[in-house]
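Take a look at the structure set out below.
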Amino acid sequence: MTYHTPVRDMVFTLNHMAGFTALEKSGAYEDLNRELVEAVLGECAKLADDVFAPLNRQGDVIGAALEKGEVTTPPGFANAYQAYVEGGWNSLAFPTEYGGQGLPQSLALSVFDAFCGGCLGLSMGFSLTTGAVKALLAHGSPQQKEIFLPKLVSGEWTGTMNLTEPQAGSDLSDMRTKAEPIGDGRYKISGNKIFISYGEHDMAENICHLVLARLPDAPEGTRGISMFLVPKFHVGADGVLGERNDITCTGIEHKMGQHGSPTCSLSFGDKGECIGTLIGKPHEGLKNMFVMMNAARIDVGMQSVSVAERALQMALQWAGERQQGRSFGVKTGPQIAIIGHPDVRRMLYLMKANTMASRGLCYATMVAWDLAHVAEDEAARKAAKEREELLTPLAKAWSSDRANETTSLGVQIHGGMGFVEETGAAQNMRDVRICAIYEGTNGIQAIDLVGRKLGMGKGKLVYDFLDDIRANASALKSANKQNLQMMAAAILSAADEVEKTTKWMVEAMGQNPEDGLAGASAYQEQLGDLAGGHFLAKGALAAAQQIDQGADDYLQSNIAIADFYTRTCLGRVQSLSSAITAGSEALPQIKPEFFIG
């Protein structure tokens, strides 16, 4: 299959679903306009389609390899990464003072969308680098910024995020990695980390590890965690690389998917000579790391969309070529392509709706991130920050859940051939499965949503979002088109249901959190379902307004997908309410032996 970056979908989503035009009008980006956006995405699509995409299959088959502590990425990965660096793609949205181009992060996210669709295993290599840059911009010392940021911004050096340890997964309170002060502002780091994406590789000359560790006087629990910058090779004050640091790659994980991306186990300080420097203040490492973590969560949502897009393209091509069966009631004659069967079209429609809705959600989250930094006044920046806070767990969790559904549908459309590796449909399903797990499982995202985000103003963040959703529905009703009015009615009904469950959840989390937590994942799915319909409907309204100026099959297709979603998917909103409000009584403590009869 030949992968094609969906540039038109990406531009349409930015402009008509995610609110990107607000950034163009903000005045914060001097040269930002629609022509520049289309040019940037058109150029990155060439690299994604022509260089990255051909590596996707062989990256899966060959995978990364470890020998004597050195990791070799699959053939072609290093050269493709150099082309990415030389093209300036890593620096797109970072400050010009460190070699960046000063464009919006939401534009950079759409570029990341393109590269992940081309080859996710390779794109993982620079996902965490951009997060490391954001963490250092927020909390790094002037010297750290001066020495490390130019190389990280360009992508010449890569970054990692080191949290997980063998005994401490999502719960970091039991972290044991230590940091002992030497006395000259540096620290000796000792400990072991696991599940470190691109913790060792052959694509860049240096790797900058952001490591969570405990100081000798650290209080217990997560309040006693600090963050350190620990490079693979020591770096002098002049930026010149020195000797190798005392960091050893002890293994790479044999994963279900993403075989080309080396997920490493790292040992720090086996010889007692691993040196790092403190990032930010002591004991504030977890707070500092969340700058990187939240960036990674949006990236994971985007990865999910990109793989779903690849699965959709593969399924669509297969459905158009595979001859099987005849139209219902026809007994003889030639077989038809399976896309002619209503149930196959249903699956393709659902794949497309999932993908477009999730893309709108992820792009809108990053547009909110941008506006939180560049909007004209404090009130606008605060509102944008609140919207980013609310949408981040949805972008990560809902998008990855929908991608798991979408890639599974891709296998289903391929039939028996989807279950064998030769078609590549199974790879999409394997590659995306981790997205519901890493950077905080989707259950953790649900806890964050009901435990923290709803707690900000007793549901204010959701109620503000519902106001926007209802305003969009009112615009749909005013369009005087029957299909748009039907969408509006479905969205308004769903919004009313979400308002009811939000009130219930806010009260439950205040009185008996166990009741709220029992329904947290169902609430997250319900809110995500509504958000997906909202963003698709925004696109449908924009498409209808443009169609009034001249017919366009592409614009009609966006209306058709939104119409399909609101007719067939938004009904889940009502059906989820009982699961949300069932409370902890629905989950009694059953003895483990009784789970098996």
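Ordering of the structure tokens sets the chain letters (A, B, ...); residue numbers start at 1 within each chain; ligands are numbered from 1 in the order shown.
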
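Omitting Gln445 of chain A and its sequence neighbours fewer than 6 positions away, and counting only C-alpha atoms, the residues within 10 Å are Arg297, Thr392, Pro393, Leu394, Ala395, Lys396, Ala397, Trp398, Ala436, Glu439, Gly451, Ala520, Ser521 and Gln524 of chain A.
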
Checklist entry - Using the chain letters and numbers from this document, which residues of segment 14-200 of chain A does DSSP assign to strand (DSSP E or B), as a PyMOL selection string? => result chain A and resi 65-67+70-72+157-162+165+168+178-181+186-197

How would the residues just chosen look if you wrote them out with C-alpha atoms as a PDB file, in the first residue's frame?
ATOM      1  CA  ALA A  65      18.615  -4.600  17.819  1.00  0.00           C
ATOM      2  CA  LEU A  66      20.868  -4.443  20.883  1.00  0.00           C
ATOM      3  CA  GLU A  67      24.444  -5.683  20.986  1.00  0.00           C
ATOM      4  CA  GLU A  70      24.611  -0.371  21.534  1.00  0.00           C
ATOM      5  CA  VAL A  71      21.247  -0.139  19.773  1.00  0.00           C
ATOM      6  CA  THR A  72      20.932  -0.292  16.003  1.00  0.00           C
ATOM      7  CA  TRP A 157      20.420  15.645  19.828  1.00  0.00           C
ATOM      8  CA  THR A 158      17.386  13.723  21.064  1.00  0.00           C
ATOM      9  CA  GLY A 159      15.636  13.665  24.425  1.00  0.00           C
ATOM     10  CA  THR A 160      14.022  11.019  26.611  1.00  0.00           C
ATOM     11  CA  MET A 161      11.703  10.884  29.611  1.00  0.00           C
ATOM     12  CA  ASN A 162      12.852   8.563  32.433  1.00  0.00           C
ATOM     13  CA  GLU A 165      11.268   1.696  37.261  1.00  0.00           C
ATOM     14  CA  ALA A 168       7.357   1.707  40.171  1.00  0.00           C
ATOM     15  CA  LYS A 178      19.107   8.392  43.656  1.00  0.00           C
ATOM     16  CA  ALA A 179      20.924  11.660  43.072  1.00  0.00           C
ATOM     17  CA  GLU A 180      23.878  12.455  45.326  1.00  0.00           C
ATOM     18  CA  PRO A 181      25.258  16.026  45.226  1.00  0.00           C
ATOM     19  CA  ARG A 186      26.414  18.405  39.749  1.00  0.00           C
ATOM     20  CA  TYR A 187      24.957  15.117  40.978  1.00  0.00           C
ATOM     21  CA  LYS A 188      25.842  11.442  40.785  1.00  0.00           C
ATOM     22  CA  ILE A 189      22.846   9.502  39.510  1.00  0.00           C
ATOM     23  CA  SER A 190      22.298   5.828  40.309  1.00  0.00           C
ATOM     24  CA  GLY A 191      19.360   3.558  39.559  1.00  0.00           C
ATOM     25  CA  ASN A 192      17.449   1.720  36.864  1.00  0.00           C
ATOM     26  CA  LYS A 193      14.719   2.842  34.486  1.00  0.00           C
ATOM     27  CA  ILE A 194      12.583   0.788  32.118  1.00  0.00           C
ATOM     28  CA  PHE A 195      10.318   1.452  29.127  1.00  0.00           C
ATOM     29  CA  ILE A 196      12.472   4.355  27.893  1.00  0.00           C
ATOM     30  CA  SER A 197      11.564   5.091  24.273  1.00  0.00           C
TER      31      SER A 197
END

Tell me, as an mmCIF file with C-alpha atoms, in the first residue's frame, which residues lie within 12 Å of segment 217-226 of chain A, counting only C-alpha atoms; anything in the same chain fewer than 4 positions away does not count.
data_model
loop_
_atom_site.group_PDB
_atom_site.id
_atom_site.type_symbol
_atom_site.label_atom_id
_atom_site.label_comp_id
_atom_site.auth_asym_id
_atom_site.auth_seq_id
_atom_site.Cartn_x
_atom_site.Cartn_y
_atom_site.Cartn_z
ATOM 1 C CA HIS A 139 12.331 24.902 34.072
ATOM 2 C CA ASN A 162 12.852 8.563 32.433
ATOM 3 C CA LEU A 163 10.126 7.867 34.981
ATOM 4 C CA ALA A 168 7.357 1.707 40.171
ATOM 5 C CA SER A 170 2.314 4.517 37.018
ATOM 6 C CA ASP A 171 2.680 5.058 40.781
ATOM 7 C CA LEU A 172 5.995 6.889 41.144
ATOM 8 C CA SER A 173 5.896 7.130 44.929
ATOM 9 C CA ASP A 174 8.126 4.040 45.213
ATOM 10 C CA MET A 175 10.847 5.422 42.952
ATOM 11 C CA ARG A 176 14.371 4.460 44.075
ATOM 12 C CA THR A 177 16.752 6.175 41.648
ATOM 13 C CA LYS A 178 19.107 8.392 43.656
ATOM 14 C CA ALA A 179 20.924 11.660 43.072
ATOM 15 C CA GLU A 180 23.878 12.455 45.326
ATOM 16 C CA PRO A 181 25.258 16.026 45.226
ATOM 17 C CA TYR A 187 24.957 15.117 40.978
ATOM 18 C CA ILE A 189 22.846 9.502 39.510
ATOM 19 C CA LEU A 210 15.449 13.772 31.680
ATOM 20 C CA VAL A 211 15.548 11.582 34.773
ATOM 21 C CA LEU A 212 13.430 11.572 37.913
ATOM 22 C CA ALA A 213 15.425 10.721 41.053
ATOM 23 C CA GLY A 276 23.689 14.948 35.852
ATOM 24 C CA THR A 277 22.476 18.453 36.672
ATOM 25 C CA LEU A 278 19.300 19.487 38.483
ATOM 26 C CA ILE A 279 16.418 20.878 36.417
ATOM 27 C CA GLY A 280 14.361 23.401 38.373
ATOM 28 C CA LYS A 281 14.062 23.295 42.148
ATOM 29 C CA PRO A 282 14.709 20.270 44.389
ATOM 30 C CA HIS A 283 11.699 18.032 45.071
ATOM 31 C CA GLU A 284 9.661 19.637 42.262
ATOM 32 C CA GLY A 285 10.617 17.124 39.627
ATOM 33 C CA LEU A 286 7.212 15.568 39.145
ATOM 34 C CA LYS A 287 5.583 18.963 38.650
ATOM 35 C CA ASN A 288 8.325 19.902 36.196
ATOM 36 C CA MET A 289 8.053 16.592 34.379
#

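For the set A:Ala543, A:Ile596, A:Ala311, A:Ala375, the residue with the smallest atom-to-atom gap to Gln427 of chain A is A:Ala311, counting only C-alpha atoms.
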
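Shell of segment 420-426 of chain A at 9 Å, with only C-alpha atoms counted and residues fewer than 3 places along the chain excluded, is Met1, Arg57, Ala311, Met314, Ala315, Thr407, Ser408, Gly410, Val411, His414, Gly416, Met417, Met429, Arg430 and Asp431 of chain A.
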
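Separating atom CA of Thr355 of chain A from atom CA of Ile561 of chain A is a distance of 10.5 Å.
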
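You can rank A:Glu243, A:Thr13, A:Leu454, A:Gly539 by their closest distance to Lys503 of chain A using only C-alpha atoms, and at the top of that list sits A:Leu454.
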
Item to check | Selection: 7 Å around Val133 of chain A, only C-alpha atoms, excl. self and same-chain fewer than 3 positions, as an NGL selection string | outcome: :A and (129-130 or 136-137 or 149 or 152-153)

Produce a file of the selected residues containing N, CA and C atoms, as a compact mmCIF listing (two decimals), in the first residue's frame.
# COMPACT_ATOMS: atom_id res chain seq x y z
N THR A 129 11.75 14.25 22.20
CA THR A 129 12.69 15.38 22.11
C THR A 129 11.95 16.70 22.24
N THR A 130 10.83 16.82 21.54
CA THR A 130 10.07 18.08 21.63
C THR A 130 9.53 18.29 23.04
N LEU A 136 12.66 21.98 29.36
CA LEU A 136 13.82 22.84 29.62
C LEU A 136 13.47 24.31 29.43
N LEU A 137 12.64 24.62 28.46
CA LEU A 137 12.20 26.01 28.30
C LEU A 137 11.50 26.50 29.56
N LEU A 149 19.65 23.48 24.53
CA LEU A 149 18.47 23.74 23.72
C LEU A 149 18.76 23.89 22.21
N LEU A 152 18.89 20.38 20.84
CA LEU A 152 17.62 19.68 20.97
C LEU A 152 16.57 20.28 20.06
N VAL A 153 16.56 21.60 19.95
CA VAL A 153 15.60 22.26 19.06
C VAL A 153 15.82 21.83 17.62

Next on the checklist: Can you tell me which residues surround Ile298 of chain A at a distance of at most 12 Å, considering only C-alpha atoms, apart from same-chain residues fewer than 5 positions away, and format the answer as a ChimeraX atom specification?
Outcome noted: /A:105-106,108-110,112-113,127-128,130-131,291-293,303-305,358-359,361-369,388-400,435,438-440,445

Kindly export the residues of the current selection with C-alpha atoms, as a short mmCIF file (atom, residue, chain, number, x, y, z; two decimals), in the first residue's frame.
data_model
loop_
_atom_site.label_atom_id
_atom_site.label_comp_id
_atom_site.auth_asym_id
_atom_site.auth_seq_id
_atom_site.Cartn_x
_atom_site.Cartn_y
_atom_site.Cartn_z
CA GLN A 105 2.78 24.24 18.27
CA SER A 106 -0.52 23.26 16.64
CA ALA A 108 4.00 21.37 14.50
CA LEU A 109 1.47 18.82 15.78
CA SER A 110 -0.06 18.51 12.32
CA PHE A 112 3.93 15.25 13.57
CA ASP A 113 0.62 13.76 12.37
CA SER A 127 8.35 12.83 19.94
CA LEU A 128 10.04 12.95 23.33
CA THR A 130 10.07 18.08 21.63
CA GLY A 131 8.73 17.35 25.11
CA VAL A 291 5.28 19.82 31.24
CA MET A 292 6.83 17.01 29.24
CA MET A 293 4.15 14.49 30.23
CA GLN A 303 -0.01 9.07 17.10
CA SER A 304 -3.30 7.24 17.54
CA VAL A 305 -4.97 9.35 14.87
CA SER A 358 -10.01 12.49 16.91
CA ARG A 359 -7.89 14.67 14.64
CA LEU A 361 -9.91 16.92 19.13
CA CYS A 362 -6.10 16.69 19.11
CA TYR A 363 -5.61 19.76 16.92
CA ALA A 364 -8.07 21.77 19.04
CA THR A 365 -6.19 20.79 22.20
CA MET A 366 -2.95 22.15 20.81
CA VAL A 367 -4.61 25.29 19.45
CA ALA A 368 -5.78 25.89 23.03
CA TRP A 369 -2.17 25.32 24.18
CA GLU A 388 -6.32 22.73 27.08
CA GLU A 389 -6.52 21.19 30.58
CA LEU A 390 -9.95 19.70 29.87
CA LEU A 391 -9.20 18.38 26.39
CA THR A 392 -5.77 16.84 27.09
CA PRO A 393 -7.03 13.64 28.77
CA LEU A 394 -9.70 13.31 26.06
CA ALA A 395 -7.16 13.82 23.28
CA LYS A 396 -4.99 11.07 24.72
CA ALA A 397 -7.59 8.57 25.92
CA TRP A 398 -10.58 8.98 23.62
CA SER A 399 -8.39 9.21 20.51
CA SER A 400 -6.43 6.07 21.42
CA CYS A 435 -1.26 4.34 22.98
CA TYR A 438 1.71 4.76 27.96
CA GLU A 439 1.97 8.33 29.26
CA GLY A 440 -0.65 7.39 31.84
CA GLN A 445 -6.66 9.97 32.26
#

Next on the checklist: Applying 10 Å and only C-alpha atoms, which residues near segment 320-331 of chain A remain after dropping the ones on its own chain fewer than 5 positions away? List them as a ChimeraX atom specification.
Outcome noted: /A:315,336-342,413-414
